[in-house]
Structures are given as structure tokens and as C-alpha cells.
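The file data.txt contains compact mmCIF, C-alpha atoms:
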# COMPACT_ATOMS: atom_id res chain seq x y z
CA MET K 46 -5.73 -1.85 10.71
CA LYS K 47 -6.45 0.22 7.62
CA TYR K 48 -3.84 1.06 5.00
CA GLU K 49 -3.34 3.57 2.22
CA LEU K 50 -1.42 2.52 -0.87
CA LEU K 51 0.67 5.14 -2.61
CA VAL K 52 2.41 5.00 -5.97
CA ASP K 53 5.26 7.49 -6.34
CA GLY K 54 3.97 9.25 -3.23
CA ARG K 55 0.41 9.75 -4.45
CA GLY K 56 -2.48 8.05 -2.70
CA VAL K 57 -4.11 5.50 -4.98
CA THR K 58 -6.47 3.59 -2.71
CA ARG K 59 -7.28 2.66 0.86
CA VAL K 60 -7.92 -0.87 2.06
CA ASP K 61 -9.25 -2.37 5.28
CA ASP K 62 -6.68 -5.03 6.14
CA ALA K 63 -3.31 -6.62 5.37
CA ASP K 64 -4.85 -9.28 3.11
CA ALA K 65 -6.33 -6.55 0.91
CA VAL K 66 -2.86 -4.94 0.69
CA ARG K 67 -1.40 -8.26 -0.48
CA GLU K 68 -4.14 -8.68 -3.10
CA TRP K 69 -3.71 -5.13 -4.37
CA LEU K 70 0.09 -5.53 -4.60
CA ALA K 71 -0.29 -8.81 -6.51
CA ARG K 72 -2.62 -7.14 -9.03
CA TYR K 73 -0.30 -4.15 -9.33
CA ARG K 74 2.68 -6.40 -10.11
CA GLU K 75 0.62 -8.28 -12.72
CA GLU K 76 -0.39 -4.99 -14.35
CA HIS K 77 3.17 -3.58 -14.36
CA PRO K 78 5.42 -6.49 -15.38
CA GLU K 79 7.77 -4.33 -17.43
CA ASP K 80 7.93 -0.99 -15.64
CA ASP K 81 7.59 -2.01 -11.96
CA PRO K 82 7.49 -5.81 -11.48
CA ASP K 83 8.73 -5.60 -7.88
CA ALA K 84 6.31 -2.79 -6.96
CA ALA K 85 9.28 -0.62 -5.96
CA HIS K 86 7.22 2.52 -6.63
CA VAL K 87 4.56 1.47 -4.09
CA GLN K 88 4.54 2.67 -0.50
CA VAL K 89 2.21 1.39 2.20
CA ARG K 90 0.99 3.74 4.91
CA GLU K 91 -0.59 2.32 8.05
CA LEU K 92 -3.65 4.28 9.16
CA PRO K 93 -4.40 3.84 12.86
CA ARG K 94 -7.49 5.41 14.39
CA LEU K 95 -5.66 8.70 14.95
CA ALA K 96 -4.29 8.89 11.40
CA TRP K 97 -6.37 12.01 10.78
CA LEU K 98 -4.19 13.64 13.44
CA THR K 99 -0.85 11.86 13.06
CA GLY K 100 -0.91 11.18 9.32
CA GLY K 101 -0.22 7.49 9.82
CA LYS K 102 3.18 5.92 9.20
CA LEU K 103 4.95 4.29 6.30
CA VAL K 104 5.57 0.60 6.83
CA ASP K 105 7.87 -1.83 5.07
CA GLY K 106 6.02 -3.19 2.06
CA GLU K 107 8.05 -6.41 2.22
CA GLN K 108 5.82 -7.69 5.01
CA PHE K 109 2.95 -7.91 2.50
CA ARG K 110 4.75 -9.96 -0.16

What does this structure look like when you write it as C-alpha cells?
Amino acid sequence: MKYELLVDGRGVTRVDDADAVREWLARYREEHPEDDPDAAHVQVRELPRLAWLTGGKLVDGEQFR
């Protein structure tokens, strides 16, 4: 499954699997220890094959922590 990572609703990057989401979130938290240490501003959107049609869906970011 592919994922798009959004910060404050804006697409920042796309990754190819859940492990890449976990790595990206870990780096994000390291880079934002004072303004967003829990990555509360980050949303994760799941991009199935038909995402170009459906837009994908937001998933709970807690599953990647």
C-alpha cells in the first residue's frame, strides 16, 4: 500500500509502504521537538490503486508509531 504524508493538510511526500511512513514520522518528530514532538500536525492518507479516482482515505497515524 502506498501512502501520502500531509502536514497541516498539505501533501509533503509519498512513500511506498508502512515502514517508510514510520521512518518518515520518526525523522519528523526529531526535526520538530519543540513545535510538534507528537507529530499532531501530520496526517496519513492511504493510497490504494484507485486513489486517483477515490482520493484515498485518511488513516489513524497512531498505527505507525

Counting all atoms listed in the file, the residue of K:Lys102, K:Arg94, K:Lys47, K:His86 that sits nearest K:Leu70: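 Checking each of K:Lys102, K:Arg94, K:Lys47, K:His86 against K:Leu70, counting all atoms listed in the file, the winner is K:His86.
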
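The two atoms in question, atom CA of K:Trp69 and atom CA of K:Val104, are spaced 15.6 Å apart.
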
Shortest interatomic distance to K:Gln108 - which of K:Leu95, K:Asp81, K:Arg67, K:Arg72, counting all atoms listed in the file: K:Arg67

Can you sort out the box for stretch 70-85 of chain K, edges along x, y and z, all listed atoms in, 6 Å on every side, with centre and edge lengths in Å to one decimal, as AutoDock Vina command-line options?
--center_x 3.3 --center_y -4.7 --center_z -11.0 --size_x 23.9 --size_y 20.2 --size_z 24.8

So how many Å separate atom CA of K:Glu68 and atom CA of K:Phe109, to one decimal? 9.1 Å

Sorted by chain and rising residue number, list the residues of stretch 71-100 of chain K at most 8 Å from stretch 50-58 of chain K (counting only C-alpha atoms), each with its closest atom pair and distance in Å to one decimal, as CSV.
residue,atom,partner,partner_atom,distance
K:His86,CA,K:Asp53,CA,5.4
K:Val87,CA,K:Val52,CA,4.5
K:Gln88,CA,K:Leu51,CA,5.1
K:Val89,CA,K:Leu50,CA,4.9
K:Arg90,CA,K:Leu50,CA,6.4

One decimal, Å: what's the distance from atom CA of K:Asp80 over to atom CA of K:Arg59, could you say?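 Calculated distance between atom CA of K:Asp80 and atom CA of K:Arg59 is 22.7 Å.
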
Restrict the output to stretch 49-65 of chain K and all heavy atoms, then write it as a PDB file, in the first residue's frame.
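That gives us out18.pdb:
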ATOM      1  N   GLU K  49       0.419   8.851   1.401  1.00  0.00           N
ATOM      2  CA  GLU K  49       0.827  10.240   1.262  1.00  0.00           C
ATOM      3  C   GLU K  49       0.843  10.837   2.659  1.00  0.00           C
ATOM      4  O   GLU K  49      -0.076  10.622   3.448  1.00  0.00           O
ATOM      5  CB  GLU K  49      -0.137  11.019   0.380  1.00  0.00           C
ATOM      6  CG  GLU K  49       0.278  12.463   0.214  1.00  0.00           C
ATOM      7  CD  GLU K  49      -0.621  13.239  -0.727  1.00  0.00           C
ATOM      8  OE1 GLU K  49      -1.789  12.836  -0.926  1.00  0.00           O
ATOM      9  OE2 GLU K  49      -0.147  14.247  -1.260  1.00  0.00           O
ATOM     10  N   LEU K  50       1.901  11.585   2.963  1.00  0.00           N
ATOM     11  CA  LEU K  50       2.013  12.235   4.257  1.00  0.00           C
ATOM     12  C   LEU K  50       1.717  13.716   4.071  1.00  0.00           C
ATOM     13  O   LEU K  50       2.266  14.365   3.170  1.00  0.00           O
ATOM     14  CB  LEU K  50       3.413  12.010   4.826  1.00  0.00           C
ATOM     15  CG  LEU K  50       3.644  10.535   5.124  1.00  0.00           C
ATOM     16  CD1 LEU K  50       5.089  10.168   4.957  1.00  0.00           C
ATOM     17  CD2 LEU K  50       3.156  10.194   6.494  1.00  0.00           C
ATOM     18  N   LEU K  51       0.833  14.216   4.926  1.00  0.00           N
ATOM     19  CA  LEU K  51       0.424  15.602   4.853  1.00  0.00           C
ATOM     20  C   LEU K  51       0.761  16.301   6.169  1.00  0.00           C
ATOM     21  O   LEU K  51       0.622  15.696   7.240  1.00  0.00           O
ATOM     22  CB  LEU K  51      -1.082  15.711   4.616  1.00  0.00           C
ATOM     23  CG  LEU K  51      -1.627  15.003   3.385  1.00  0.00           C
ATOM     24  CD1 LEU K  51      -2.193  13.655   3.751  1.00  0.00           C
ATOM     25  CD2 LEU K  51      -2.659  15.842   2.714  1.00  0.00           C
ATOM     26  N   VAL K  52       1.195  17.534   6.089  1.00  0.00           N
ATOM     27  CA  VAL K  52       1.415  18.344   7.275  1.00  0.00           C
ATOM     28  C   VAL K  52       0.487  19.541   7.151  1.00  0.00           C
ATOM     29  O   VAL K  52       0.555  20.287   6.172  1.00  0.00           O
ATOM     30  CB  VAL K  52       2.891  18.795   7.401  1.00  0.00           C
ATOM     31  CG1 VAL K  52       3.064  19.714   8.598  1.00  0.00           C
ATOM     32  CG2 VAL K  52       3.811  17.595   7.511  1.00  0.00           C
ATOM     33  N   ASP K  53      -0.379  19.692   8.137  1.00  0.00           N
ATOM     34  CA  ASP K  53      -1.396  20.751   8.120  1.00  0.00           C
ATOM     35  C   ASP K  53      -2.216  20.711   6.836  1.00  0.00           C
ATOM     36  O   ASP K  53      -2.568  21.739   6.264  1.00  0.00           O
ATOM     37  CB  ASP K  53      -0.764  22.125   8.314  1.00  0.00           C
ATOM     38  CG  ASP K  53      -0.168  22.299   9.706  1.00  0.00           C
ATOM     39  OD1 ASP K  53      -0.700  21.691  10.646  1.00  0.00           O
ATOM     40  OD2 ASP K  53       0.814  23.036   9.840  1.00  0.00           O
ATOM     41  N   GLY K  54      -2.500  19.505   6.357  1.00  0.00           N
ATOM     42  CA  GLY K  54      -3.344  19.325   5.185  1.00  0.00           C
ATOM     43  C   GLY K  54      -2.665  19.453   3.842  1.00  0.00           C
ATOM     44  O   GLY K  54      -3.297  19.268   2.809  1.00  0.00           O
ATOM     45  N   ARG K  55      -1.388  19.746   3.829  1.00  0.00           N
ATOM     46  CA  ARG K  55      -0.651  19.877   2.564  1.00  0.00           C
ATOM     47  C   ARG K  55       0.238  18.665   2.350  1.00  0.00           C
ATOM     48  O   ARG K  55       0.994  18.261   3.227  1.00  0.00           O
ATOM     49  CB  ARG K  55       0.228  21.122   2.584  1.00  0.00           C
ATOM     50  CG  ARG K  55      -0.574  22.384   2.600  1.00  0.00           C
ATOM     51  CD  ARG K  55       0.312  23.577   2.456  1.00  0.00           C
ATOM     52  NE  ARG K  55      -0.514  24.767   2.368  1.00  0.00           N
ATOM     53  CZ  ARG K  55      -0.064  25.967   2.541  1.00  0.00           C
ATOM     54  NH1 ARG K  55       1.207  26.167   2.822  1.00  0.00           N
ATOM     55  NH2 ARG K  55      -0.881  27.002   2.439  1.00  0.00           N
ATOM     56  N   GLY K  56       0.148  18.101   1.154  1.00  0.00           N
ATOM     57  CA  GLY K  56       0.964  16.940   0.819  1.00  0.00           C
ATOM     58  C   GLY K  56       2.447  17.278   0.854  1.00  0.00           C
ATOM     59  O   GLY K  56       2.878  18.241   0.246  1.00  0.00           O
ATOM     60  N   VAL K  57       3.193  16.469   1.592  1.00  0.00           N
ATOM     61  CA  VAL K  57       4.629  16.685   1.731  1.00  0.00           C
ATOM     62  C   VAL K  57       5.416  15.649   0.945  1.00  0.00           C
ATOM     63  O   VAL K  57       6.380  15.977   0.270  1.00  0.00           O
ATOM     64  CB  VAL K  57       5.037  16.658   3.227  1.00  0.00           C
ATOM     65  CG1 VAL K  57       6.527  16.791   3.390  1.00  0.00           C
ATOM     66  CG2 VAL K  57       4.318  17.743   3.985  1.00  0.00           C
ATOM     67  N   THR K  58       5.000  14.390   1.054  1.00  0.00           N
ATOM     68  CA  THR K  58       5.713  13.324   0.367  1.00  0.00           C
ATOM     69  C   THR K  58       4.816  12.106   0.224  1.00  0.00           C
ATOM     70  O   THR K  58       3.783  12.005   0.891  1.00  0.00           O
ATOM     71  CB  THR K  58       7.008  12.943   1.119  1.00  0.00           C
ATOM     72  OG1 THR K  58       7.796  12.075   0.309  1.00  0.00           O
ATOM     73  CG2 THR K  58       6.716  12.271   2.448  1.00  0.00           C
ATOM     74  N   ARG K  59       5.215  11.216  -0.646  1.00  0.00           N
ATOM     75  CA  ARG K  59       4.552   9.921  -0.796  1.00  0.00           C
ATOM     76  C   ARG K  59       5.589   8.840  -0.542  1.00  0.00           C
ATOM     77  O   ARG K  59       6.749   8.993  -0.916  1.00  0.00           O
ATOM     78  CB  ARG K  59       3.972   9.761  -2.193  1.00  0.00           C
ATOM     79  CG  ARG K  59       2.791  10.670  -2.419  1.00  0.00           C
ATOM     80  CD  ARG K  59       2.154  10.431  -3.742  1.00  0.00           C
ATOM     81  NE  ARG K  59       1.002  11.305  -3.886  1.00  0.00           N
ATOM     82  CZ  ARG K  59       0.063  11.138  -4.786  1.00  0.00           C
ATOM     83  NH1 ARG K  59       0.136  10.138  -5.640  1.00  0.00           N
ATOM     84  NH2 ARG K  59      -0.961  11.963  -4.844  1.00  0.00           N
ATOM     85  N   VAL K  60       5.141   7.761   0.089  1.00  0.00           N
ATOM     86  CA  VAL K  60       6.033   6.642   0.388  1.00  0.00           C
ATOM     87  C   VAL K  60       5.365   5.346  -0.045  1.00  0.00           C
ATOM     88  O   VAL K  60       4.151   5.297  -0.246  1.00  0.00           O
ATOM     89  CB  VAL K  60       6.414   6.602   1.885  1.00  0.00           C
ATOM     90  CG1 VAL K  60       7.209   7.845   2.277  1.00  0.00           C
ATOM     91  CG2 VAL K  60       5.187   6.466   2.765  1.00  0.00           C
ATOM     92  N   ASP K  61       6.165   4.295  -0.154  1.00  0.00           N
ATOM     93  CA  ASP K  61       5.695   3.037  -0.729  1.00  0.00           C
ATOM     94  C   ASP K  61       5.147   2.014   0.248  1.00  0.00           C
ATOM     95  O   ASP K  61       4.503   1.059  -0.166  1.00  0.00           O
ATOM     96  CB  ASP K  61       6.814   2.387  -1.544  1.00  0.00           C
ATOM     97  CG  ASP K  61       7.148   3.184  -2.791  1.00  0.00           C
ATOM     98  OD1 ASP K  61       6.239   3.834  -3.345  1.00  0.00           O
ATOM     99  OD2 ASP K  61       8.317   3.163  -3.206  1.00  0.00           O
ATOM    100  N   ASP K  62       5.430   2.183   1.559  1.00  0.00           N
ATOM    101  CA  ASP K  62       4.927   1.175   2.496  1.00  0.00           C
ATOM    102  C   ASP K  62       4.869   1.738   3.913  1.00  0.00           C
ATOM    103  O   ASP K  62       5.317   2.850   4.180  1.00  0.00           O
ATOM    104  CB  ASP K  62       5.778  -0.094   2.457  1.00  0.00           C
ATOM    105  CG  ASP K  62       7.244   0.142   2.745  1.00  0.00           C
ATOM    106  OD1 ASP K  62       7.570   1.063   3.510  1.00  0.00           O
ATOM    107  OD2 ASP K  62       8.079  -0.600   2.206  1.00  0.00           O
ATOM    108  N   ALA K  63       4.303   0.950   4.823  1.00  0.00           N
ATOM    109  CA  ALA K  63       4.103   1.375   6.206  1.00  0.00           C
ATOM    110  C   ALA K  63       5.428   1.626   6.924  1.00  0.00           C
ATOM    111  O   ALA K  63       5.520   2.526   7.761  1.00  0.00           O
ATOM    112  CB  ALA K  63       3.276   0.338   6.956  1.00  0.00           C
ATOM    113  N   ASP K  64       6.457   0.841   6.612  1.00  0.00           N
ATOM    114  CA  ASP K  64       7.759   1.057   7.247  1.00  0.00           C
ATOM    115  C   ASP K  64       8.322   2.425   6.881  1.00  0.00           C
ATOM    116  O   ASP K  64       8.911   3.111   7.727  1.00  0.00           O
ATOM    117  CB  ASP K  64       8.746  -0.037   6.847  1.00  0.00           C
ATOM    118  CG  ASP K  64       8.412  -1.371   7.489  1.00  0.00           C
ATOM    119  OD1 ASP K  64       7.771  -1.375   8.568  1.00  0.00           O
ATOM    120  OD2 ASP K  64       8.781  -2.408   6.915  1.00  0.00           O
ATOM    121  N   ALA K  65       8.128   2.842   5.646  1.00  0.00           N
ATOM    122  CA  ALA K  65       8.606   4.160   5.219  1.00  0.00           C
ATOM    123  C   ALA K  65       7.827   5.266   5.931  1.00  0.00           C
ATOM    124  O   ALA K  65       8.399   6.315   6.255  1.00  0.00           O
ATOM    125  CB  ALA K  65       8.489   4.299   3.714  1.00  0.00           C
TER     126      ALA K  65
END
